[in-house]
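Data block for structure-v6.pdb (PDB, C-alpha atoms and all ligand atoms):
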```
ATOM      1  CA  MET D  14      11.431 -16.547  74.412
ATOM      2  CA  ILE D  15      13.225 -13.684  72.689
ATOM      3  CA  ASP D  16      16.481 -14.943  74.258
ATOM      4  CA  LYS D  17      15.937 -18.319  72.651
ATOM      5  CA  ILE D  18      15.540 -16.657  69.237
ATOM      6  CA  ILE D  19      18.720 -14.627  69.752
ATOM      7  CA  GLU D  20      20.544 -17.829  70.678
ATOM      8  CA  VAL D  21      19.364 -19.504  67.451
ATOM      9  CA  ILE D  22      20.535 -16.490  65.439
ATOM     10  CA  ARG D  23      23.953 -16.678  67.091
ATOM     11  CA  GLN D  24      24.337 -20.453  66.663
ATOM     12  CA  CYS D  25      22.976 -21.000  63.150
ATOM     13  CA  GLN D  26      24.451 -19.868  59.854
ATOM     14  CA  HIS D  27      21.910 -20.587  57.081
ATOM     15  CA  PHE D  28      18.457 -19.078  57.438
ATOM     16  CA  LEU D  29      15.256 -19.181  55.490
ATOM     17  CA  ILE D  30      12.795 -16.329  55.958
ATOM     18  CA  THR D  31       9.248 -16.712  54.730
ATOM     19  CA  SER D  32       5.727 -15.428  55.209
ATOM     20  CA  HIS D  33       2.157 -15.952  54.065
ATOM     21  CA  VAL D  34       0.641 -16.077  50.606
ATOM     22  CA  ARG D  35      -1.023 -12.844  49.468
ATOM     23  CA  LEU D  36       1.778 -10.721  50.772
ATOM     24  CA  ASP D  37       1.097  -7.511  52.625
ATOM     25  CA  GLY D  38       3.327  -4.683  53.822
ATOM     26  CA  ASP D  39       3.828  -6.226  57.245
ATOM     27  CA  ALA D  40       4.913  -9.585  55.824
ATOM     28  CA  ILE D  41       7.329  -7.994  53.355
ATOM     29  CA  GLY D  42       8.650  -5.278  55.678
ATOM     30  CA  SER D  43       9.260  -7.802  58.454
ATOM     31  CA  GLU D  44      10.968 -10.288  56.142
ATOM     32  CA  LEU D  45      13.289  -7.685  54.663
ATOM     33  CA  ALA D  46      14.156  -6.073  58.004
ATOM     34  CA  LEU D  47      15.105  -9.486  59.371
ATOM     35  CA  TYR D  48      16.984 -10.321  56.164
ATOM     36  CA  LEU D  49      19.023  -7.110  56.364
ATOM     37  CA  LEU D  50      19.696  -7.736  60.042
ATOM     38  CA  LEU D  51      20.917 -11.308  59.510
ATOM     39  CA  LYS D  52      23.048 -10.232  56.548
ATOM     40  CA  ARG D  53      24.660  -7.598  58.717
ATOM     41  CA  LEU D  54      25.478 -10.289  61.246
ATOM     42  CA  GLY D  55      27.269 -12.209  58.479
ATOM     43  CA  LYS D  56      24.631 -14.901  58.059
ATOM     44  CA  GLU D  57      23.522 -16.689  54.909
ATOM     45  CA  CYS D  58      19.927 -15.915  54.319
ATOM     46  CA  VAL D  59      17.169 -16.485  51.733
ATOM     47  CA  VAL D  60      13.739 -14.845  51.635
ATOM     48  CA  TYR D  61      11.174 -17.083  49.957
ATOM     49  CA  ASN D  62       7.544 -16.294  49.210
ATOM     50  CA  GLU D  63       5.064 -18.257  47.170
ATOM     51  CA  ASP D  64       3.561 -15.084  45.711
ATOM     52  CA  ALA D  65       5.326 -12.387  43.759
ATOM     53  CA  LEU D  66       6.044  -9.086  45.455
ATOM     54  CA  PRO D  67       3.319  -6.487  44.764
ATOM     55  CA  GLU D  68       4.815  -3.707  42.640
ATOM     56  CA  ASN D  69       4.360  -1.008  45.259
ATOM     57  CA  TYR D  70       6.798  -2.769  47.611
ATOM     58  CA  LEU D  71       9.612  -3.089  45.089
ATOM     59  CA  PHE D  72      11.165   0.101  46.472
ATOM     60  CA  LEU D  73      12.014  -1.615  49.749
ATOM     61  CA  PRO D  74      15.705  -2.306  50.262
ATOM     62  CA  GLY D  75      16.542  -5.959  49.640
ATOM     63  CA  SER D  76      13.306  -6.657  47.753
ATOM     64  CA  SER D  77      15.181  -7.807  44.628
ATOM     65  CA  GLN D  78      16.658 -10.644  46.695
ATOM     66  CA  ILE D  79      13.281 -12.268  47.381
ATOM     67  CA  THR D  80      12.814 -15.555  45.553
ATOM     68  CA  GLN D  81       9.722 -17.550  44.571
ATOM     69  CA  THR D  82      11.714 -20.776  44.306
ATOM     70  CA  LEU D  83      12.364 -22.579  47.556
ATOM     71  CA  GLY D  84      15.117 -24.915  46.369
ATOM     72  CA  ASP D  85      16.734 -27.533  48.570
ATOM     73  CA  VAL D  86      15.580 -27.068  52.165
ATOM     74  CA  SER D  87      18.349 -29.230  53.638
ATOM     75  CA  GLN D  88      20.743 -26.261  53.312
ATOM     76  CA  TYR D  89      18.923 -24.358  56.055
ATOM     77  CA  ASP D  90      19.703 -24.570  59.775
ATOM     78  CA  ALA D  91      16.637 -22.585  60.725
ATOM     79  CA  ALA D  92      13.532 -20.987  59.221
ATOM     80  CA  PHE D  93      11.722 -17.835  60.297
ATOM     81  CA  ILE D  94       7.998 -17.961  59.583
ATOM     82  CA  LEU D  95       6.712 -14.419  59.893
ATOM     83  CA  ASP D  96       3.194 -13.011  60.271
ATOM     84  CA  CYS D  97       1.656 -16.516  60.004
ATOM     85  CA  SER D  98      -0.746 -17.981  62.553
ATOM     86  CA  GLU D  99      -0.362 -21.414  60.961
ATOM     87  CA  LEU D 100       2.477 -22.922  58.976
ATOM     88  CA  GLU D 101       0.037 -23.721  56.141
ATOM     89  CA  ARG D 102      -0.263 -19.976  55.493
ATOM     90  CA  VAL D 103       3.101 -20.038  53.690
ATOM     91  CA  GLY D 104       1.454 -21.967  50.863
ATOM     92  CA  LYS D 105       2.274 -25.122  48.970
ATOM     93  CA  GLU D 106       5.801 -25.474  50.362
ATOM     94  CA  ALA D 107       4.623 -25.703  53.987
ATOM     95  CA  GLU D 108       5.364 -29.440  54.218
ATOM     96  CA  ARG D 109       8.944 -29.038  53.032
ATOM     97  CA  ILE D 110       9.576 -26.020  55.238
ATOM     98  CA  LYS D 111       8.355 -28.077  58.189
ATOM     99  CA  THR D 112      11.340 -30.403  57.738
ATOM    100  CA  ILE D 113      13.871 -27.617  58.466
ATOM    101  CA  GLY D 114      15.624 -28.352  61.785
ATOM    102  CA  VAL D 115      14.604 -25.236  63.709
ATOM    103  CA  LEU D 116      11.386 -23.299  63.099
ATOM    104  CA  ILE D 117      10.839 -19.850  64.571
ATOM    105  CA  ASN D 118       7.448 -18.182  64.381
ATOM    106  CA  ILE D 119       7.103 -14.421  64.897
ATOM    107  CA  ASP D 120       3.494 -13.308  64.692
ATOM    108  CA  HIS D 121       0.744 -11.141  66.153
ATOM    109  CA  HIS D 122      -2.443 -12.976  65.116
ATOM    110  CA  LEU D 123      -4.995 -13.697  67.834
ATOM    111  CA  SER D 124      -5.730 -17.124  66.400
ATOM    112  CA  ASN D 125      -2.116 -18.290  66.658
ATOM    113  CA  ASP D 126      -1.925 -21.316  68.918
ATOM    114  CA  GLY D 127       1.787 -21.926  68.473
ATOM    115  CA  PHE D 128       2.679 -24.375  65.720
ATOM    116  CA  CYS D 129       6.350 -24.526  66.634
ATOM    117  CA  GLU D 130       8.356 -24.457  69.805
ATOM    118  CA  ILE D 131      10.406 -21.306  69.329
ATOM    119  CA  ARG D 132       8.087 -18.367  68.896
ATOM    120  CA  LEU D 133       7.480 -14.727  69.606
ATOM    121  CA  ILE D 134       3.730 -14.232  69.523
ATOM    122  CA  ASP D 135       1.963 -11.185  70.874
ATOM    123  CA  PRO D 136      -1.569 -10.395  69.680
ATOM    124  CA  ARG D 137      -1.259  -6.947  71.281
ATOM    125  CA  ALA D 138       1.525  -6.019  68.882
ATOM    126  CA  SER D 139       0.353  -3.836  66.012
ATOM    127  CA  SER D 140       2.310  -5.811  63.487
ATOM    128  CA  THR D 141       4.958  -8.450  63.062
ATOM    129  CA  GLY D 142       7.261  -5.537  62.257
ATOM    130  CA  GLU D 143       6.846  -4.259  65.806
ATOM    131  CA  LEU D 144       7.947  -7.689  67.080
ATOM    132  CA  ILE D 145      10.983  -7.699  64.783
ATOM    133  CA  TRP D 146      11.866  -4.357  66.336
ATOM    134  CA  ARG D 147      11.608  -5.906  69.811
ATOM    135  CA  LEU D 148      14.057  -8.557  68.672
ATOM    136  CA  ILE D 149      16.484  -5.980  67.251
ATOM    137  CA  GLU D 150      16.255  -3.928  70.445
ATOM    138  CA  ALA D 151      16.870  -7.006  72.576
ATOM    139  CA  MET D 152      20.008  -7.658  70.533
ATOM    140  CA  ALA D 153      21.099  -4.056  71.201
ATOM    141  CA  ILE D 154      21.634  -3.419  67.490
ATOM    142  CA  GLU D 155      21.146   0.036  66.021
ATOM    143  CA  PRO D 156      19.061  -0.361  62.864
ATOM    144  CA  SER D 157      20.391   0.901  59.549
ATOM    145  CA  PRO D 158      18.141   3.299  57.558
ATOM    146  CA  PRO D 159      17.060   0.407  55.251
ATOM    147  CA  ILE D 160      15.965  -1.679  58.242
ATOM    148  CA  ALA D 161      14.093   1.331  59.660
ATOM    149  CA  GLU D 162      12.379   1.825  56.300
ATOM    150  CA  CYS D 163      11.205  -1.806  56.210
ATOM    151  CA  LEU D 164       9.875  -1.734  59.758
ATOM    152  CA  TYR D 165       8.136   1.611  59.291
ATOM    153  CA  THR D 166       6.426   0.113  56.228
ATOM    154  CA  ALA D 167       5.296  -2.934  58.229
ATOM    155  CA  ILE D 168       3.704  -0.795  60.952
ATOM    156  CA  LEU D 169       2.257   1.785  58.552
ATOM    157  CA  THR D 170       0.474  -0.797  56.417
ATOM    158  CA  ASP D 171      -0.771  -3.105  59.178
ATOM    159  CA  THR D 172      -2.295  -0.186  61.098
ATOM    160  CA  GLY D 173      -4.028   1.079  57.931
ATOM    161  CA  SER D 174      -1.836   4.187  57.924
ATOM    162  CA  PHE D 175      -2.196   4.592  61.690
ATOM    163  CA  ARG D 176      -5.981   4.457  61.657
ATOM    164  CA  TYR D 177      -7.003   1.018  62.995
ATOM    165  CA  GLY D 178      -7.497  -0.161  66.554
ATOM    166  CA  ASN D 179      -3.967  -1.532  66.640
ATOM    167  CA  THR D 180      -2.547   1.992  66.343
ATOM    168  CA  THR D 181      -1.255   1.829  69.897
ATOM    169  CA  PHE D 182       1.227   3.963  71.769
ATOM    170  CA  GLU D 183       3.780   1.239  71.123
ATOM    171  CA  ALA D 184       3.043   1.215  67.378
ATOM    172  CA  LEU D 185       3.433   4.983  67.090
ATOM    173  CA  LYS D 186       6.487   4.996  69.314
ATOM    174  CA  THR D 187       8.181   2.317  67.230
ATOM    175  CA  ALA D 188       7.230   4.105  64.006
ATOM    176  CA  SER D 189       8.668   7.385  65.289
ATOM    177  CA  GLN D 190      11.860   5.606  66.306
ATOM    178  CA  MET D 191      12.094   4.261  62.759
ATOM    179  CA  VAL D 192      11.842   7.837  61.492
ATOM    180  CA  ALA D 193      14.665   8.770  63.846
ATOM    181  CA  TYR D 194      16.715   5.931  62.335
ATOM    182  CA  GLY D 195      16.163   7.194  58.803
ATOM    183  CA  ALA D 196      12.748   6.138  57.474
ATOM    184  CA  SER D 197      10.943   8.855  55.513
ATOM    185  CA  PRO D 198       7.150   8.758  56.071
ATOM    186  CA  GLN D 199       6.466  10.905  53.017
ATOM    187  CA  LEU D 200       8.610   8.873  50.663
ATOM    188  CA  ILE D 201       7.249   5.553  51.938
ATOM    189  CA  SER D 202       3.613   6.693  51.677
ATOM    190  CA  GLN D 203       4.190   7.912  48.138
ATOM    191  CA  GLU D 204       5.753   4.616  47.109
ATOM    192  CA  ILE D 205       3.013   2.487  48.644
ATOM    193  CA  TYR D 206      -0.140   4.529  48.094
ATOM    194  CA  GLU D 207       0.521   6.851  45.190
ATOM    195  CA  LYS D 208       1.952   4.597  42.531
ATOM    196  CA  GLU D 209      -1.009   2.345  41.919
ATOM    197  CA  PRO D 210      -1.045   0.527  38.594
ATOM    198  CA  LEU D 211      -3.845   1.575  36.278
ATOM    199  CA  GLU D 212      -5.204  -2.026  36.141
ATOM    200  CA  LYS D 213      -5.791  -1.843  39.870
ATOM    201  CA  MET D 214      -7.789   1.377  39.627
ATOM    202  CA  ARG D 215      -9.852  -0.092  36.751
ATOM    203  CA  LEU D 216     -10.550  -3.184  38.833
ATOM    204  CA  MET D 217     -11.441  -1.038  41.844
ATOM    205  CA  ALA D 218     -13.942   0.970  39.798
ATOM    206  CA  ARG D 219     -15.556  -2.246  38.642
ATOM    207  CA  VAL D 220     -15.673  -3.797  42.114
ATOM    208  CA  LEU D 221     -17.135  -0.613  43.632
ATOM    209  CA  SER D 222     -19.843  -0.455  40.994
ATOM    210  CA  GLY D 223     -21.051  -3.831  42.290
ATOM    211  CA  LEU D 224     -21.203  -2.738  45.935
ATOM    212  CA  SER D 225     -24.200  -3.983  47.898
ATOM    213  CA  LEU D 226     -25.348  -3.170  51.405
ATOM    214  CA  GLU D 227     -27.007  -5.745  53.679
ATOM    215  CA  GLU D 228     -28.529  -5.729  57.157
ATOM    216  CA  GLN D 229     -29.959  -2.214  56.987
ATOM    217  CA  GLY D 230     -26.743  -0.794  55.609
ATOM    218  CA  LYS D 231     -24.537  -2.203  58.351
ATOM    219  CA  VAL D 232     -22.744  -4.744  56.177
ATOM    220  CA  ALA D 233     -21.015  -3.782  52.929
ATOM    221  CA  CYS D 234     -20.274  -6.489  50.359
ATOM    222  CA  LEU D 235     -17.813  -6.238  47.513
ATOM    223  CA  VAL D 236     -17.074  -9.057  45.090
ATOM    224  CA  VAL D 237     -14.267  -9.688  42.651
ATOM    225  CA  THR D 238     -14.545 -12.612  40.251
ATOM    226  CA  LEU D 239     -11.935 -14.307  38.100
ATOM    227  CA  LYS D 240     -13.728 -12.793  35.134
ATOM    228  CA  ASP D 241     -13.254  -9.284  36.589
ATOM    229  CA  LEU D 242      -9.523  -9.947  36.918
ATOM    230  CA  GLU D 243      -9.276 -11.269  33.408
ATOM    231  CA  GLU D 244     -11.194  -8.422  31.825
ATOM    232  CA  THR D 245      -9.261  -5.684  33.609
ATOM    233  CA  ARG D 246      -5.931  -7.559  33.203
ATOM    234  CA  ALA D 247      -5.459  -7.255  36.953
ATOM    235  CA  SER D 248      -4.335  -9.937  39.413
ATOM    236  CA  HIS D 249      -5.247 -10.916  42.979
ATOM    237  CA  ASN D 250      -2.285  -8.857  44.141
ATOM    238  CA  HIS D 251      -4.127  -5.773  42.938
ATOM    239  CA  THR D 252      -7.004  -6.370  45.360
ATOM    240  CA  GLU D 253      -4.968  -5.577  48.470
ATOM    241  CA  GLY D 254      -6.883  -2.937  50.426
ATOM    242  CA  PHE D 255     -10.183  -3.407  48.592
ATOM    243  CA  VAL D 256     -11.858  -4.769  51.714
ATOM    244  CA  ASP D 257     -11.322  -1.376  53.365
ATOM    245  CA  LEU D 258     -13.391   0.421  50.740
ATOM    246  CA  GLY D 259     -16.661  -0.814  52.255
ATOM    247  CA  ARG D 260     -15.651   0.402  55.666
ATOM    248  CA  HIS D 261     -15.421   3.973  54.394
ATOM    249  CA  ILE D 262     -19.202   4.126  54.062
ATOM    250  CA  LYS D 263     -21.194   5.873  56.781
ATOM    251  CA  GLY D 264     -23.219   3.421  58.852
ATOM    252  CA  VAL D 265     -21.257   0.368  57.754
ATOM    253  CA  ALA D 266     -20.047  -1.720  60.687
ATOM    254  CA  VAL D 267     -18.682  -4.718  58.804
ATOM    255  CA  SER D 268     -17.076  -4.725  55.384
ATOM    256  CA  LEU D 269     -16.862  -7.995  53.463
ATOM    257  CA  PHE D 270     -14.749  -8.625  50.399
ATOM    258  CA  PHE D 271     -15.427 -11.812  48.449
ATOM    259  CA  SER D 272     -12.565 -12.720  46.193
ATOM    260  CA  GLN D 273     -12.987 -15.638  43.825
ATOM    261  CA  VAL D 274      -9.872 -17.817  43.908
ATOM    262  CA  GLY D 275     -11.206 -20.885  42.058
ATOM    263  CA  PRO D 276     -14.288 -21.899  40.065
ATOM    264  CA  ASP D 277     -16.172 -22.605  43.293
ATOM    265  CA  THR D 278     -13.954 -21.063  45.950
ATOM    266  CA  PHE D 279     -14.075 -17.629  47.542
ATOM    267  CA  LYS D 280     -11.736 -16.003  49.975
ATOM    268  CA  ILE D 281     -13.646 -13.667  52.266
ATOM    269  CA  SER D 282     -11.820 -10.784  53.909
ATOM    270  CA  MET D 283     -13.629  -9.026  56.739
ATOM    271  CA  ARG D 284     -13.075  -5.662  58.353
ATOM    272  CA  SER D 285     -15.035  -4.133  61.196
ATOM    273  CA  LYS D 286     -15.246  -0.921  63.117
ATOM    274  CA  ASP D 287     -14.666  -0.452  66.852
ATOM    275  CA  LYS D 288     -15.507  -3.391  69.086
ATOM    276  CA  ILE D 289     -17.199  -5.480  66.429
ATOM    277  CA  ASP D 290     -15.415  -8.817  66.361
ATOM    278  CA  VAL D 291     -15.031 -10.340  62.898
ATOM    279  CA  GLU D 292     -12.339 -12.740  64.072
ATOM    280  CA  ARG D 293     -15.134 -14.689  65.730
ATOM    281  CA  VAL D 294     -17.109 -14.767  62.492
ATOM    282  CA  ALA D 295     -14.082 -15.909  60.494
ATOM    283  CA  ARG D 296     -13.248 -18.576  63.071
ATOM    284  CA  MET D 297     -16.801 -19.996  62.891
ATOM    285  CA  LEU D 298     -16.226 -20.384  59.167
ATOM    286  CA  GLY D 299     -12.841 -22.062  59.529
ATOM    287  CA  GLY D 300     -10.669 -18.944  59.242
ATOM    288  CA  GLY D 301      -9.087 -16.502  61.686
ATOM    289  CA  GLY D 302      -7.334 -13.177  62.103
ATOM    290  CA  HIS D 303      -7.752 -10.195  64.386
ATOM    291  CA  ARG D 304     -10.798  -8.550  65.955
ATOM    292  CA  ASN D 305     -11.102  -5.899  63.244
ATOM    293  CA  ALA D 306      -9.504  -7.791  60.370
ATOM    294  CA  ALA D 307     -10.104 -11.451  59.620
ATOM    295  CA  ALA D 308     -10.533 -13.851  56.721
ATOM    296  CA  CYS D 309     -11.793 -17.286  55.737
ATOM    297  CA  LYS D 310     -12.258 -19.410  52.642
ATOM    298  CA  LEU D 311     -15.544 -21.005  51.535
ATOM    299  CA  GLN D 312     -16.713 -23.282  48.760
ATOM    300  CA  GLY D 313     -19.808 -22.549  46.704
ATOM    301  CA  ASP D 314     -21.243 -19.996  44.342
ATOM    302  CA  ILE D 315     -21.190 -16.344  45.346
ATOM    303  CA  GLU D 316     -24.818 -16.240  46.491
ATOM    304  CA  SER D 317     -24.535 -19.222  48.829
ATOM    305  CA  VAL D 318     -21.151 -18.078  50.186
ATOM    306  CA  LYS D 319     -22.534 -14.600  50.873
ATOM    307  CA  ARG D 320     -25.591 -16.063  52.607
ATOM    308  CA  ARG D 321     -23.461 -18.236  54.892
ATOM    309  CA  VAL D 322     -21.269 -15.356  56.029
ATOM    310  CA  LEU D 323     -24.271 -13.090  56.645
ATOM    311  CA  GLU D 324     -25.986 -15.862  58.621
ATOM    312  CA  VAL D 325     -23.010 -16.214  60.951
ATOM    313  CA  ILE D 326     -22.810 -12.446  61.374
ATOM    314  CA  LYS D 327     -26.489 -12.380  62.343
ATOM    315  CA  ALA D 328     -26.418 -15.534  64.498
ATOM    316  CA  TYR D 329     -23.526 -14.298  66.630
ATOM    317  CA  GLY D 330     -25.035 -10.904  67.139
ATOM    318  CA  VAL D 331     -21.918  -9.290  65.752
ATOM    319  CA  ILE D 332     -23.977  -6.321  64.629
ATOM    320  CA  ALA D 333     -26.626  -5.182  67.089
TER     321      ALA D 333
HETATM  322 MN    MN D 401       0.586  -8.537  60.200
END
```
Represent the structure from my file as structure tokens, please.
Ligand SMILES: [Mn+2]
Amino acid sequence: MIDKIIEVIRQCQHFLITSHVRLDGDAIGSELALYLLLKRLGKECVVYNEDALPENYLFLPGSSQITQTLGDVSQYDAAFILDCSELERVGKEAERIKTIGVLINIDHHLSNDGFCEIRLIDPRASSTGELIWRLIEAMAIEPSPPIAECLYTAILTDTGSFRYGNTTFEALKTASQMVAYGASPQLISQEIYEKEPLEKMRLMARVLSGLSLEEQGKVACLVVTLKDLEETRASHNHTEGFVDLGRHIKGVAVSLFFSQVGPDTFKISMRSKDKIDVERVARMLGGGGHRNAAACKLQGDIESVKRRVLEVIKAYGVIA
């Protein structure tokens, strides 16, 4: 399948690169690495995202080129949809993107059942960044330091700074190769983790003060409401990583983060330790993801939404 993607890159001239709403380091790092690669090959290329780039990723090379306006899609020969298990994950422009002649999906989500013909999907890959690296290697191209920086960022962030279950030999090997090609782990960590906006820390303090533990301390619940965002002048972008806070607590097996996205709508992010499978829980509720990191969206007030998630967790014996 990788050969097919290389063929498309060789034959086409105008590319769109996009990823999911609520951008993360893997989505952004993968997009920019691919963008820099295609540019180097003399291609025309646009990176479009529905959401704005979180501030801590602005240091990445090429980030100023990312647009939030899709424009006329008829100009594109092909579109790369990165880190998305479904096309709908790109947001409101999914329908228009679908009309682009050639769609290529590069992704590592377990729940991906292949929404387009040309795809590179491997749930064993730590990150989409690792798959972009496979593509670059297959093309026998030596990455520039900016490309290495983007891919290191993708792997670093999707493995939770090399702590999660997806921190495989392959992930570490690829990351170390990126260091050899010019990525600086210290500089990248500082940019991503040590330049948090004050609004985010204020919001975090507020969210943590509302922490509750369920199921004999095995499930941690954190909630952020629209009111919390308004009163701390923070945005949804600032909640990236909050779901991990619950997992830091001793005895917690599953961490849930309920984020209000509409008057009666919550997005629920789930994280688990070890072999506990939250992908299954998310899937039962209409969502998806990976074994240790999944998400879904539910309608209702916070109490009823919380109850439904906890019921599924109990019913499926996720926590013993
Ligand atoms: Mn990813």
Protein, DNA and RNA residues within 12 Å of (-10.6, -12.1, 65.4), all atoms listed in the file, as a PyMOL selection string: chain D and resi 98+121-125+136+282-285+288-309+331
Residues in the PyMOL selection byres (((chain D and resi 231) around 7) and not hetatm), expressed as a ChimeraX atom specification: /D:227-230,232-233,264-267
Apply the PyMOL selection byres (((chain D and resi 277) around 9) and not hetatm) to the structure shown and report the selected residues as a short mmCIF file (atom, residue, chain, number, x, y, z; two decimals) with C-alpha atoms, in the coordinates of the input.
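Written output follows (part.cif):
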```
data_model
loop_
_atom_site.label_atom_id
_atom_site.label_comp_id
_atom_site.auth_asym_id
_atom_site.auth_seq_id
_atom_site.Cartn_x
_atom_site.Cartn_y
_atom_site.Cartn_z
CA GLN D 273 -12.99 -15.64 43.82
CA VAL D 274 -9.87 -17.82 43.91
CA GLY D 275 -11.21 -20.88 42.06
CA PRO D 276 -14.29 -21.90 40.06
CA THR D 278 -13.95 -21.06 45.95
CA PHE D 279 -14.08 -17.63 47.54
CA LEU D 311 -15.54 -21.00 51.54
CA GLN D 312 -16.71 -23.28 48.76
CA GLY D 313 -19.81 -22.55 46.70
CA ASP D 314 -21.24 -20.00 44.34
CA ILE D 315 -21.19 -16.34 45.35
#
```
Report as CSV: every residue of chain D with an atom at most 6 Å from ligand MN 401 (chain D), its closest pair of atoms, and their distance in Å to one decimal, counting only C-alpha atoms and all ligand atoms, with rows sorted by chain and ascending residue number.
```
residue,atom,partner,partner_atom,distance
D:Asp39,CA,D:MN401,MN,5.0
D:Asp96,CA,D:MN401,MN,5.2
D:Ser140,CA,D:MN401,MN,4.6
D:Thr141,CA,D:MN401,MN,5.2
D:Asp171,CA,D:MN401,MN,5.7
```
Distance criterion (all atoms listed in the file): nearest to D:Cys25 out of D:Asp90, D:Asp64, D:Glu253, D:Glu209: D:Asp90
Counting only C-alpha atoms, the residue of D:Met191, D:Leu49, D:Leu323, D:Leu258 that sits nearest D:Ser222: D:Leu258
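Remark: for D:Arg176, the closest of the candidate residues D:Ser139, D:Gln203, D:Ser225, D:Asn118 is D:Ser139 (distances computed over only C-alpha atoms).
Distances here use all atoms listed in the file; by that measure, the residue among D:Ala65, D:Ala107, D:Leu211, D:Ala218 closest to D:Ala247 is D:Leu211.
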Atomic distance atom CA of D:Pro158 - atom CA of D:Ala193, expressed in Å with one decimal: 9.0 Å
Target residues per the PyMOL selection byres (((chain D and resi 42) around 10) and not hetatm), formatted as number ranges by chain: D: 37-41, 43-48, 70, 73-76, 141-142, 145, 160-170
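With atom CA of D:Cys129 on one side and atom CA of D:Ile117 on the other, the separation reads 6.8 Å.
The shortest atom-to-atom distance to D:Leu71, with all atoms listed in the file taken into account, belongs to D:Lys208 out of D:Lys208, D:Leu239, D:Ile18, D:Val318.
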Atomic separation - atom CA of D:Val60 relative to atom CA of D:Lys17, Å: 21.4 Å
